[in-house]
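See below for entry-v8.cif, which holds mmCIF, C-alpha atoms and all ligand atoms.
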data_data
loop_
_atom_site.label_atom_id
_atom_site.label_comp_id
_atom_site.auth_asym_id
_atom_site.auth_seq_id
_atom_site.Cartn_x
_atom_site.Cartn_y
_atom_site.Cartn_z
CA MET D 1 -29.53 187.28 16.24
CA THR D 2 -30.03 185.93 19.77
CA THR D 3 -27.50 184.07 21.88
CA GLN D 4 -29.36 181.29 23.66
CA GLY D 5 -28.50 181.33 27.35
CA LEU D 6 -26.25 184.39 26.79
CA ASP D 7 -23.49 181.93 25.87
CA GLY D 8 -20.25 183.86 25.32
CA VAL D 9 -21.81 187.26 26.08
CA VAL D 10 -19.71 189.50 28.34
CA ALA D 11 -22.24 191.26 30.57
CA ALA D 12 -20.08 192.80 33.33
CA SER D 13 -16.53 193.71 34.26
CA THR D 14 -15.22 192.43 37.55
CA ARG D 15 -12.05 192.49 39.62
CA LEU D 16 -13.28 189.58 41.75
CA SER D 17 -12.71 186.38 39.80
CA HIS D 18 -11.80 185.12 36.36
CA VAL D 19 -12.74 181.81 34.77
CA ASP D 20 -10.59 180.59 31.88
CA GLY D 21 -12.65 177.74 30.51
CA GLU D 22 -10.14 176.61 27.89
CA ALA D 23 -7.16 176.48 30.25
CA GLY D 24 -9.23 175.23 33.21
CA GLN D 25 -8.11 178.05 35.47
CA LEU D 26 -9.99 179.98 38.12
CA THR D 27 -8.47 183.13 39.59
CA LEU D 28 -9.92 184.50 42.82
CA ALA D 29 -8.96 188.13 43.53
CA GLY D 30 -5.68 187.53 41.70
CA TYR D 31 -4.83 184.13 43.24
CA ALA D 32 -5.15 180.72 41.56
CA VAL D 33 -7.92 178.76 43.28
CA GLU D 34 -5.57 175.83 43.96
CA ASP D 35 -3.18 178.17 45.76
CA LEU D 36 -5.67 180.19 47.77
CA ALA D 37 -8.53 177.84 48.66
CA PRO D 38 -6.68 175.09 50.57
CA ARG D 39 -4.38 177.51 52.41
CA ALA D 40 -6.21 180.73 53.26
CA SER D 41 -8.79 181.04 56.01
CA PHE D 42 -12.32 181.98 54.93
CA GLU D 43 -11.86 185.17 56.94
CA GLU D 44 -8.83 186.08 54.82
CA VAL D 45 -10.77 185.45 51.61
CA ALA D 46 -13.63 187.58 52.95
CA ARG D 47 -11.11 190.34 53.57
CA LEU D 48 -9.90 190.09 49.97
CA PHE D 49 -13.43 190.26 48.61
CA LEU D 50 -15.21 192.59 51.00
CA ASN D 51 -12.48 194.25 53.00
CA THR D 52 -14.36 193.07 56.07
CA HIS D 53 -12.43 192.39 59.25
CA ASP D 54 -14.95 191.09 61.70
CA LEU D 55 -17.35 188.45 60.43
CA ALA D 56 -17.83 186.95 63.89
CA ARG D 57 -19.58 190.08 65.21
CA HIS D 58 -22.43 189.63 62.73
CA ARG D 59 -23.32 185.97 63.33
CA ALA D 60 -26.55 186.49 65.29
CA ILE D 61 -29.88 186.34 63.43
CA PRO D 62 -33.05 188.36 64.19
CA ASP D 63 -35.74 186.77 66.40
CA ALA D 64 -38.05 186.91 63.39
CA ALA D 65 -35.66 184.55 61.56
CA LEU D 66 -36.01 182.05 64.38
CA HIS D 67 -39.83 182.24 64.31
CA LEU D 68 -39.83 181.88 60.55
CA LEU D 69 -37.49 178.89 60.70
CA GLU D 70 -39.77 177.27 63.30
CA ALA D 71 -42.70 177.67 60.90
CA CYS D 72 -40.58 176.27 58.04
CA ALA D 73 -39.61 173.26 60.18
CA ALA D 74 -43.28 172.60 60.99
CA ALA D 75 -44.01 172.63 57.23
CA ARG D 76 -40.89 170.46 56.49
CA THR D 77 -39.67 173.12 54.03
CA PRO D 78 -36.48 172.12 52.17
CA PRO D 79 -33.46 173.78 53.83
CA ILE D 80 -32.53 175.84 50.76
CA ASP D 81 -36.02 177.42 50.73
CA ALA D 82 -35.86 178.04 54.48
CA LEU D 83 -32.50 179.75 53.90
CA ARG D 84 -34.00 181.92 51.14
CA MET D 85 -36.88 183.00 53.36
CA ALA D 86 -34.77 183.56 56.47
CA ALA D 87 -32.17 185.52 54.49
CA GLY D 88 -34.97 188.01 53.81
CA THR D 89 -35.36 188.70 57.54
CA LEU D 90 -31.83 190.12 57.63
CA SER D 91 -33.43 193.28 56.19
CA LEU D 92 -34.98 193.82 59.62
CA GLU D 93 -31.64 195.13 60.78
CA GLY D 94 -32.11 198.21 58.59
CA GLU D 95 -28.88 199.22 56.92
CA ALA D 96 -27.22 195.91 57.79
CA ASP D 97 -23.45 195.58 57.54
CA THR D 98 -22.49 194.42 54.05
CA ALA D 99 -20.96 191.26 55.57
CA LYS D 100 -24.14 190.40 57.49
CA ALA D 101 -25.45 187.68 55.16
CA VAL D 102 -21.99 186.10 54.85
CA ALA D 103 -21.65 185.96 58.64
CA ALA D 104 -25.23 184.87 59.34
CA PHE D 105 -25.78 182.12 56.75
CA PRO D 106 -24.17 179.37 58.91
CA THR D 107 -26.37 180.43 61.83
CA ILE D 108 -29.51 180.22 59.69
CA ILE D 109 -28.54 176.86 58.20
CA GLY D 110 -27.48 175.29 61.51
CA THR D 111 -30.48 176.65 63.38
CA TYR D 112 -32.87 175.34 60.75
CA TRP D 113 -31.31 171.90 60.60
CA ARG D 114 -31.62 171.54 64.36
CA LEU D 115 -35.22 172.77 64.43
CA LEU D 116 -36.06 170.31 61.67
CA HIS D 117 -34.74 167.54 63.92
CA ASN D 118 -36.42 168.78 67.11
CA GLN D 119 -33.19 170.02 68.63
CA PRO D 120 -32.75 173.43 70.25
CA PRO D 121 -30.62 175.94 68.31
CA VAL D 122 -27.04 176.41 69.49
CA PRO D 123 -26.11 179.87 70.85
CA VAL D 124 -23.85 181.83 68.53
CA ARG D 125 -20.15 181.84 69.42
CA THR D 126 -17.63 184.44 68.38
CA ASP D 127 -14.41 182.72 69.48
CA ILE D 128 -14.13 180.14 66.68
CA ASN D 129 -13.56 180.67 62.98
CA HIS D 130 -16.28 180.83 60.35
CA ALA D 131 -16.03 177.22 59.12
CA ALA D 132 -15.85 175.80 62.65
CA HIS D 133 -18.82 177.97 63.61
CA PHE D 134 -20.84 176.57 60.71
CA LEU D 135 -20.28 173.01 61.98
CA HIS D 136 -20.81 174.07 65.60
CA GLN D 137 -24.18 175.59 64.71
CA LEU D 138 -25.18 172.25 63.18
CA THR D 139 -23.90 169.84 65.78
CA GLY D 140 -23.41 171.84 68.99
CA THR D 141 -19.84 170.57 69.27
CA GLU D 142 -16.56 172.04 68.12
CA PRO D 143 -15.33 170.12 65.07
CA PRO D 144 -11.83 168.59 64.84
CA PRO D 145 -9.46 171.05 63.10
CA GLU D 146 -9.12 168.86 59.97
CA THR D 147 -12.91 168.81 59.52
CA ALA D 148 -13.19 172.59 59.85
CA ARG D 149 -10.22 173.00 57.48
CA ALA D 150 -11.84 170.77 54.84
CA LEU D 151 -15.06 172.78 55.02
CA GLU D 152 -13.07 176.02 54.85
CA THR D 153 -11.33 174.79 51.69
CA TYR D 154 -14.75 174.06 50.19
CA LEU D 155 -16.20 177.48 51.12
CA ASN D 156 -13.14 179.23 49.67
CA THR D 157 -13.27 177.13 46.50
CA VAL D 158 -16.88 178.04 45.68
CA CYS D 159 -16.92 181.64 46.99
CA ASP D 160 -16.97 183.19 43.53
CA HIS D 161 -16.98 182.09 39.91
CA GLY D 162 -17.33 184.86 37.35
CA LEU D 163 -20.80 185.61 36.07
CA ASN D 164 -22.49 182.33 37.00
CA ALA D 165 -26.31 182.30 36.98
CA SER D 166 -26.85 183.18 40.65
CA THR D 167 -24.25 185.96 40.66
CA PHE D 168 -25.73 187.35 37.47
CA ALA D 169 -29.18 187.25 39.10
CA ALA D 170 -27.80 189.17 42.10
CA ARG D 171 -26.16 191.76 39.84
CA VAL D 172 -29.35 192.23 37.80
CA ILE D 173 -31.37 192.85 40.97
CA ILE D 174 -28.90 195.25 42.56
CA SER D 175 -28.43 197.04 39.21
CA THR D 176 -31.91 198.51 39.67
CA HIS D 177 -30.56 200.03 42.93
CA SER D 178 -32.60 197.54 44.90
CA ASP D 179 -31.09 196.40 48.23
CA LEU D 180 -28.41 193.82 49.01
CA ILE D 181 -30.67 191.38 50.84
CA SER D 182 -33.16 191.33 47.93
CA ALA D 183 -30.30 190.54 45.58
CA ILE D 184 -29.05 187.74 47.83
CA ALA D 185 -32.52 186.22 48.22
CA GLY D 186 -32.90 186.23 44.42
CA ALA D 187 -29.47 184.65 44.02
CA ILE D 188 -30.44 181.77 46.34
CA GLY D 189 -33.45 181.15 44.11
CA ALA D 190 -31.18 180.96 41.06
CA LEU D 191 -28.66 178.72 42.81
CA LYS D 192 -31.04 175.98 43.88
CA GLY D 193 -31.87 174.57 40.43
CA PRO D 194 -30.26 171.25 39.44
CA LEU D 195 -28.41 172.86 36.51
CA HIS D 196 -26.55 175.10 38.97
CA GLY D 197 -26.11 174.50 42.72
CA GLY D 198 -28.63 171.70 43.05
CA ALA D 199 -26.43 169.08 41.36
CA PRO D 200 -24.27 167.62 44.18
CA GLY D 201 -27.12 165.74 45.88
CA PRO D 202 -28.00 163.82 42.69
CA ALA D 203 -24.28 163.31 41.95
CA LEU D 204 -23.76 161.58 45.30
CA GLN D 205 -26.98 159.60 44.91
CA MET D 206 -25.65 158.33 41.60
CA VAL D 207 -22.49 157.01 43.33
CA PHE D 208 -24.63 155.37 46.03
CA ASP D 209 -26.95 153.83 43.44
CA ILE D 210 -23.98 152.43 41.53
CA ALA D 211 -22.74 150.87 44.79
CA THR D 212 -19.99 148.65 43.28
CA PRO D 213 -17.26 149.32 40.70
CA GLU D 214 -18.63 146.59 38.37
CA ASN D 215 -21.99 148.33 38.28
CA ALA D 216 -20.58 151.70 37.14
CA GLU D 217 -20.45 151.01 33.42
CA PRO D 218 -23.90 149.37 32.92
CA PHE D 219 -25.52 152.00 35.17
CA LEU D 220 -23.98 155.00 33.38
CA ARG D 221 -24.54 153.48 29.95
CA ALA D 222 -28.24 153.05 30.70
CA LYS D 223 -28.51 156.70 31.74
CA LEU D 224 -26.72 158.02 28.67
CA ALA D 225 -28.64 155.71 26.34
CA ALA D 226 -31.86 157.10 27.83
CA GLY D 227 -30.65 160.64 27.03
CA GLU D 228 -30.17 161.56 30.70
CA ARG D 229 -27.44 163.90 31.95
CA LEU D 230 -24.80 162.69 34.36
CA MET D 231 -24.84 165.02 37.37
CA GLY D 232 -21.45 166.45 38.24
CA PHE D 233 -20.25 166.55 34.62
CA GLY D 234 -20.30 169.26 31.98
CA HIS D 235 -20.05 173.01 32.35
CA ARG D 236 -21.05 176.04 30.33
CA ILE D 237 -17.58 177.62 30.53
CA TYR D 238 -15.07 174.84 31.26
CA ARG D 239 -14.11 172.76 28.26
CA VAL D 240 -11.56 170.90 30.37
CA ARG D 241 -11.66 169.68 33.96
CA ASP D 242 -13.07 172.25 36.37
CA PRO D 243 -10.04 173.29 38.51
CA ARG D 244 -12.31 173.38 41.56
CA ALA D 245 -12.89 169.65 41.11
CA ASP D 246 -9.12 169.14 41.55
CA VAL D 247 -8.99 171.26 44.71
CA LEU D 248 -11.95 169.43 46.21
CA ALA D 249 -10.75 166.00 45.09
CA ALA D 250 -7.43 166.68 46.87
CA ALA D 251 -9.27 167.90 49.98
CA ALA D 252 -11.57 164.86 49.86
CA GLU D 253 -8.63 162.50 49.46
CA ARG D 254 -6.84 164.05 52.46
CA PHE D 255 -10.00 163.79 54.48
CA TYR D 256 -11.04 160.28 53.46
CA ASN D 257 -7.50 159.00 54.10
CA THR D 258 -7.71 160.03 57.73
CA ALA D 259 -11.35 160.06 58.68
CA GLY D 260 -13.78 158.90 56.03
CA ASP D 261 -14.95 155.84 54.16
CA ARG D 262 -11.95 155.08 51.92
CA LYS D 263 -14.00 152.60 49.85
CA LEU D 264 -16.52 155.28 48.93
CA TYR D 265 -13.72 157.58 47.76
CA ALA D 266 -12.25 154.80 45.58
CA LEU D 267 -15.70 154.03 44.15
CA ALA D 268 -16.27 157.71 43.31
CA ARG D 269 -12.93 157.88 41.44
CA HIS D 270 -13.91 154.81 39.48
CA VAL D 271 -17.35 156.26 38.68
CA GLU D 272 -15.70 159.49 37.53
CA ALA D 273 -13.25 157.69 35.23
CA THR D 274 -16.03 155.53 33.76
CA ALA D 275 -18.34 158.51 33.26
CA LEU D 276 -15.64 160.45 31.42
CA ARG D 277 -14.89 157.50 29.14
CA LEU D 278 -18.58 157.01 28.34
CA LEU D 279 -19.28 160.73 27.85
CA ARG D 280 -16.54 160.71 25.21
CA GLU D 281 -18.19 157.73 23.56
CA TYR D 282 -21.79 159.05 23.65
CA LYS D 283 -21.04 162.74 23.08
CA PRO D 284 -17.88 162.70 20.93
CA ASP D 285 -18.49 166.26 19.70
CA ARG D 286 -18.82 167.72 23.19
CA ARG D 287 -16.08 168.43 25.66
CA LEU D 288 -17.67 167.24 28.88
CA ASP D 289 -15.52 166.91 31.96
CA THR D 290 -15.89 166.70 35.73
CA ASN D 291 -17.35 169.80 37.36
CA VAL D 292 -17.13 171.10 40.92
CA GLU D 293 -20.30 169.35 42.06
CA PHE D 294 -19.01 165.79 41.81
CA TYR D 295 -16.33 166.29 44.48
CA THR D 296 -18.44 168.74 46.44
CA ALA D 297 -20.80 165.86 47.07
CA LEU D 298 -18.05 163.53 48.16
CA LEU D 299 -16.31 166.04 50.40
CA LEU D 300 -19.43 167.35 52.11
CA HIS D 301 -20.70 163.82 52.66
CA GLY D 302 -17.34 162.93 54.22
CA LEU D 303 -17.67 165.90 56.58
CA GLY D 304 -20.95 164.45 57.80
CA LEU D 305 -23.20 166.97 56.06
CA PRO D 306 -26.56 165.57 54.93
CA VAL D 307 -27.47 165.79 51.23
CA GLU D 308 -30.23 168.35 51.94
CA LEU D 309 -27.55 170.77 53.19
CA PHE D 310 -25.27 170.54 50.15
CA THR D 311 -26.90 173.43 48.27
CA PRO D 312 -27.31 175.62 51.39
CA THR D 313 -23.60 175.02 52.13
CA PHE D 314 -22.77 176.06 48.57
CA ALA D 315 -24.81 179.21 49.23
CA ALA D 316 -22.83 179.82 52.44
CA GLY D 317 -19.67 180.01 50.34
CA ARG D 318 -21.10 181.80 47.30
CA VAL D 319 -22.81 184.52 49.37
CA LEU D 320 -19.37 186.07 49.70
CA GLY D 321 -19.15 186.44 45.91
CA TRP D 322 -22.76 187.62 45.61
CA THR D 323 -22.16 190.35 48.17
CA ALA D 324 -18.89 191.50 46.62
CA HIS D 325 -20.42 191.52 43.12
CA CYS D 326 -23.34 193.61 44.36
CA LEU D 327 -21.01 196.19 45.86
CA GLU D 328 -18.99 196.24 42.65
CA GLN D 329 -22.14 196.59 40.53
CA LEU D 330 -23.34 199.50 42.67
CA ARG D 331 -19.97 201.17 42.43
CA ASP D 332 -19.12 200.65 38.75
CA GLY D 333 -22.18 199.27 37.02
CA ARG D 334 -25.19 200.45 35.11
CA LEU D 335 -28.79 199.17 35.01
CA ILE D 336 -28.66 195.71 33.38
CA ARG D 337 -31.38 195.71 30.77
CA PRO D 338 -30.81 193.56 27.67
CA GLN D 339 -33.22 193.26 24.78
CA SER D 340 -35.26 190.37 23.46
CA ALA D 341 -35.91 189.26 19.90
CA TYR D 342 -39.66 189.22 19.31
CA THR D 343 -40.85 185.99 17.67
CA GLY D 344 -44.62 186.36 18.19
CA PRO D 345 -47.35 187.34 15.74
CA ALA D 346 -47.77 190.89 14.46
CA GLY D 347 -50.54 193.00 12.96
CA LEU D 348 -53.43 191.25 14.69
CA THR D 349 -56.70 193.15 15.16
CA TYR D 350 -58.38 193.09 18.55
CA ALA D 351 -61.78 191.36 18.46
CA LYS D 352 -64.20 191.70 21.37
CA ASN D 353 -64.63 187.99 21.75
CA LEU D 354 -61.29 186.91 23.25
CA ALA D 355 -62.04 183.23 22.63
CA SER D 356 -61.85 183.83 18.89
CA MET D 357 -58.41 185.45 19.07
CA PRO D 358 -55.38 183.39 18.05
CA ARG D 359 -53.17 182.32 20.97
CA ASN D 360 -49.41 182.28 21.22
N1 LIG D 401 -24.30 164.40 30.87
C1 LIG D 401 -24.61 164.05 29.59
N2 LIG D 401 -24.70 164.91 28.57
C2 LIG D 401 -24.44 166.21 28.85
C3 LIG D 401 -24.10 166.64 30.13
C4 LIG D 401 -24.02 165.68 31.16
N3 LIG D 401 -23.71 166.01 32.41
N4 LIG D 401 -23.90 167.97 30.11
C5 LIG D 401 -24.14 168.37 28.84
N5 LIG D 401 -24.46 167.31 28.10
C6 LIG D 401 -24.76 167.30 26.68
C7 LIG D 401 -26.16 167.83 26.41
O1 LIG D 401 -27.11 166.78 26.43
C8 LIG D 401 -25.99 168.43 25.05
O2 LIG D 401 -25.96 167.40 24.10
P1 LIG D 401 -26.76 167.51 22.73
O3 LIG D 401 -26.36 168.83 22.13
O4 LIG D 401 -26.31 166.31 21.99
O5 LIG D 401 -28.20 167.49 23.11
C9 LIG D 401 -24.59 169.01 25.09
O6 LIG D 401 -23.88 168.22 26.04
C10 LIG D 401 -24.53 170.48 25.48
O7 LIG D 401 -25.38 170.70 26.57
P2 LIG D 401 -25.86 172.12 26.97
O8 LIG D 401 -27.12 171.99 27.77
O9 LIG D 401 -25.86 173.06 25.81
O10 LIG D 401 -24.73 172.62 27.89
P3 LIG D 401 -24.86 173.85 28.83
O11 LIG D 401 -23.61 174.61 28.69
O12 LIG D 401 -26.11 174.60 28.64
O13 LIG D 401 -24.99 173.11 30.21
C11 LIG D 401 -24.69 172.22 32.32
C12 LIG D 401 -24.08 173.10 31.21
C13 LIG D 401 -26.10 172.72 32.65
C14 LIG D 401 -23.83 172.32 33.57
C15 LIG D 401 -24.77 170.76 31.81
O14 LIG D 401 -23.47 170.29 31.51
C16 LIG D 401 -25.46 169.83 32.80
O15 LIG D 401 -26.69 169.74 32.82
N6 LIG D 401 -24.67 169.10 33.67
C17 LIG D 401 -25.26 168.26 34.66
C18 LIG D 401 -25.71 169.08 35.85
C19 LIG D 401 -24.57 169.63 36.68
O16 LIG D 401 -23.61 168.92 36.97
N7 LIG D 401 -24.69 170.90 37.10
C20 LIG D 401 -23.70 171.60 37.90
C21 LIG D 401 -22.92 172.55 37.07
S1 LIG D 401 -21.57 173.28 37.99
C22 LIG D 401 -22.26 174.57 38.86
O17 LIG D 401 -23.24 175.16 38.50
C23 LIG D 401 -21.67 174.95 40.13
#
What would you get if you wrote out this structure as C-alpha cells?
Amino acid sequence: MTTQGLDGVVAASTRLSHVDGEAGQLTLAGYAVEDLAPRASFEEVARLFLNTHDLARHRAIPDAALHLLEACAAARTPPIDALRMAAGTLSLEGEADTAKAVAAFPTIIGTYWRLLHNQPPVPVRTDINHAAHFLHQLTGTEPPPETARALETYLNTVCDHGLNASTFAARVIISTHSDLISAIAGAIGALKGPLHGGAPGPALQMVFDIATPENAEPFLRAKLAAGERLMGFGHRIYRVRDPRADVLAAAAERFYNTAGDRKLYALARHVEATALRLLREYKPDRRLDTNVEFYTALLLHGLGLPVELFTPTFAAGRVLGWTAHCLEQLRDGRLIRPQSAYTGPAGLTYAKNLASMPRN
C-alpha cells in the first residue's frame, strides 16, 4: 500500500520545529511562531537553530560566485536559479563554516539583482544586522528600521517548517553523507516549484489582476470553475489557517499603515475573504485556508522587493532550517532510503529487436 506524496508519513525526528496542522500551530525551537518571529532578531533565531554567534563574519562570497553571477545576468537567468548556482560556489571555501550559506545568501541575492540591472555590487558590511544587510546589498542604502524589522519578521517566520519538501530534500541528500552545500543546492531546487516556495509571485499577481474589490468574486469564480488552484491557499498539513499567515498579515498591516499602499492591503484582505468563501462553496469536502504565501507576497511587495526575489528571499530565511536539519540528520539520522511499489510489467522475455518489445 503506497502513500501518495508521503502524506502522513513520519520520516524524521527533529528538535527544530513542530507543525500542528489541526490546531494551526507552529513551534520553532520551542517557541510559538507568533511569539518568536515578530520579536526576536534573525541572529537570535540563528543562535537557537545553529548555535552560531557571528553571522556577519561570513557574509563575503567567493570571486567565482561574482563571475558566475555576471554570466547569469548576461543570460537573464531567473534569480532563484542564479542563487542555486552561486550557492554551489560556497564549496570553494573548503570546509566552510556551517553558517556560511545562511550568512552569504543575502550577498548572493543582492549582488545578482544589481548585476541584472547593470549596477555595481555593494561591498559587504559587518556593522548592520542580517535583515538590514539583505536590503543594503540590494539597494546600497541602509533601510529604515521598520523596513528591516518587517523583513526580519518574515525571515524568522519562514526559517523552518517541519519536514516540508525542500527540507526533506536537504535531509535526503545529507543522509548519504554528502556535503552541506550539495544539500542546500538541492533544497533550493525543491523550493522553487509553484506548489512550494514559488507561489507568492502568482498570489500577488492574482491580487493585481483582480484590481478592484467588485472584481474579486467574478475573477475567483472563473478560476475555480475552470478547475484552477488559487495561489496562496491550501496546505498539505494545515487544515486551518496557517499561523504564519497571521504573523505576516499583522506585520504587513503594521507596515502598510505607516509606509505602504493602504488600498492594496485592503484589497488583499477582501480577496482573501472572497477566496475563502468560494473555496468553501467549490470544495465543500476540503479544508482549504490561507497559507503563508498570500501574506508573504503582500509583505515583501510592501518592502519594495520585486516579485522575482520573493522565492530567493524565502530561501534566505529557510536556509537556516535546511542547515540545522542537515546537522541534525548527520548527528542523529540514518540513510533515508524508502521503497517503491512496483506497478510495471513482469515476466517479459528479452527479444533482440527492441522495437518489438512492449513499452511502459
Ligand atoms: N485552490 C483550489 N483548490 C485547491 C487548492 C487551491 N489553492 N489547493 C488544493 N485544492 C484542491 C485540489 O484541487 C484537490 O481537489 P480535488 O480532490 O477535488 O481535485 C484538493 O483540494 C486536495 O488537493 P491536493 O493537491 O491533494 O492537496 P495537497 O496537500 O497535495 O496540496 C498544495 C497542497 C500543493 C499547497 C495545494 O493546496 C496548492 O496547490 N495550493 C496552491 C499553491 C500554493 O499556495 N502553494 C504554497 C504552499 S505553502 C508553502 O509551500 C510554503
Residues within 6 Å of ligand LIG 401 (chain D), counting only C-alpha atoms and all ligand atoms: report them as a VMD selection string. chain D and resid 195 to 197 199 229 to 236 286 291 to 293
Residue among D:Ser41, D:Asn164, D:Ser178, D:Gln4 lying closest to Ile128 of chain D, counting only C-alpha atoms: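 Smallest separation from Ile128 of chain D among the options: D:Ser41.
Each of D:Ala87, D:Ala148, D:Leu305, D:Leu155 was compared to Ala46 of chain D using all atoms listed in the file, and D:Leu155 turns out to be the nearest.
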12 Å contact set for Gly5 of chain D, all atoms listed in the file, chain neighbours under 2 positions out, as a VMD selection string: chain D and resid 2 to 3 7 to 9 164 to 165 236 to 237 340
Keeping C-alpha atoms for every residue in the selection just given, could you write it to a file as a compact mmCIF listing (two decimals), in the coordinates of the input?
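Below you can see out.txt, which holds the result:
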# COMPACT_ATOMS: atom_id res chain seq x y z
CA THR D 2 -30.03 185.93 19.77
CA THR D 3 -27.50 184.07 21.88
CA ASP D 7 -23.49 181.93 25.87
CA GLY D 8 -20.25 183.86 25.32
CA VAL D 9 -21.81 187.26 26.08
CA ASN D 164 -22.49 182.33 37.00
CA ALA D 165 -26.31 182.30 36.98
CA ARG D 236 -21.05 176.04 30.33
CA ILE D 237 -17.58 177.62 30.53
CA SER D 340 -35.26 190.37 23.46
Just to confirm, what's the straight-line distance from atom CA of Ala132 of chain D to atom CA of Arg84 of chain D in Å (one decimal)?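 That distance, rounded to one decimal, is 22.3 Å.
Distance annotation: of D:Ala40, D:Ala32, D:Leu191, D:Ile181, the residue with the minimal separation from Ala169 of chain D is D:Leu191; atom set is only C-alpha atoms.
With all atoms listed in the file as the atoms that count, the minimum distance from Thr157 of chain D to the choices D:Phe42, D:Tyr256, D:Phe219, D:Phe310 is reached by D:Phe42.
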Between atom CA of Pro145 of chain D and atom CA of Val319 of chain D, what distance in Å does the model show, to one decimal? 23.4 Å
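Atom pair atom CA of Gln205 of chain D / atom CA of Ala37 of chain D has a distance of 26.2 Å (rounded to one decimal).
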If we count only C-alpha atoms, what is near Ala64 of chain D at a cut-off of 8 Å, once residues fewer than 3 positions away on the same chain are taken out, given as an MDAnalysis selection string? chainID D and resid 67:68 89
Which is closest to Pro38 of chain D among D:Lys223, D:Arg57, D:Arg171, D:Arg149, if we use only C-alpha atoms?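 Among the listed residues, D:Arg149 lies closest to Pro38 of chain D.
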Nearby residues (only C-alpha atoms) at most 7 Å from segment 115-119 of chain D, same-chain spacing under 4 positions excluded, as a PyMOL selection string: chain D and resi 70+73+111
When you look at Arg334 of chain D with a cut-off of 12 Å (counting all atoms listed in the file), what residues show up, excluding the ones that are within fewer than 2 positions of it in the same chain? I need them as a ChimeraX atom specification. /D:11-13,171-177,326,328-332,336-338
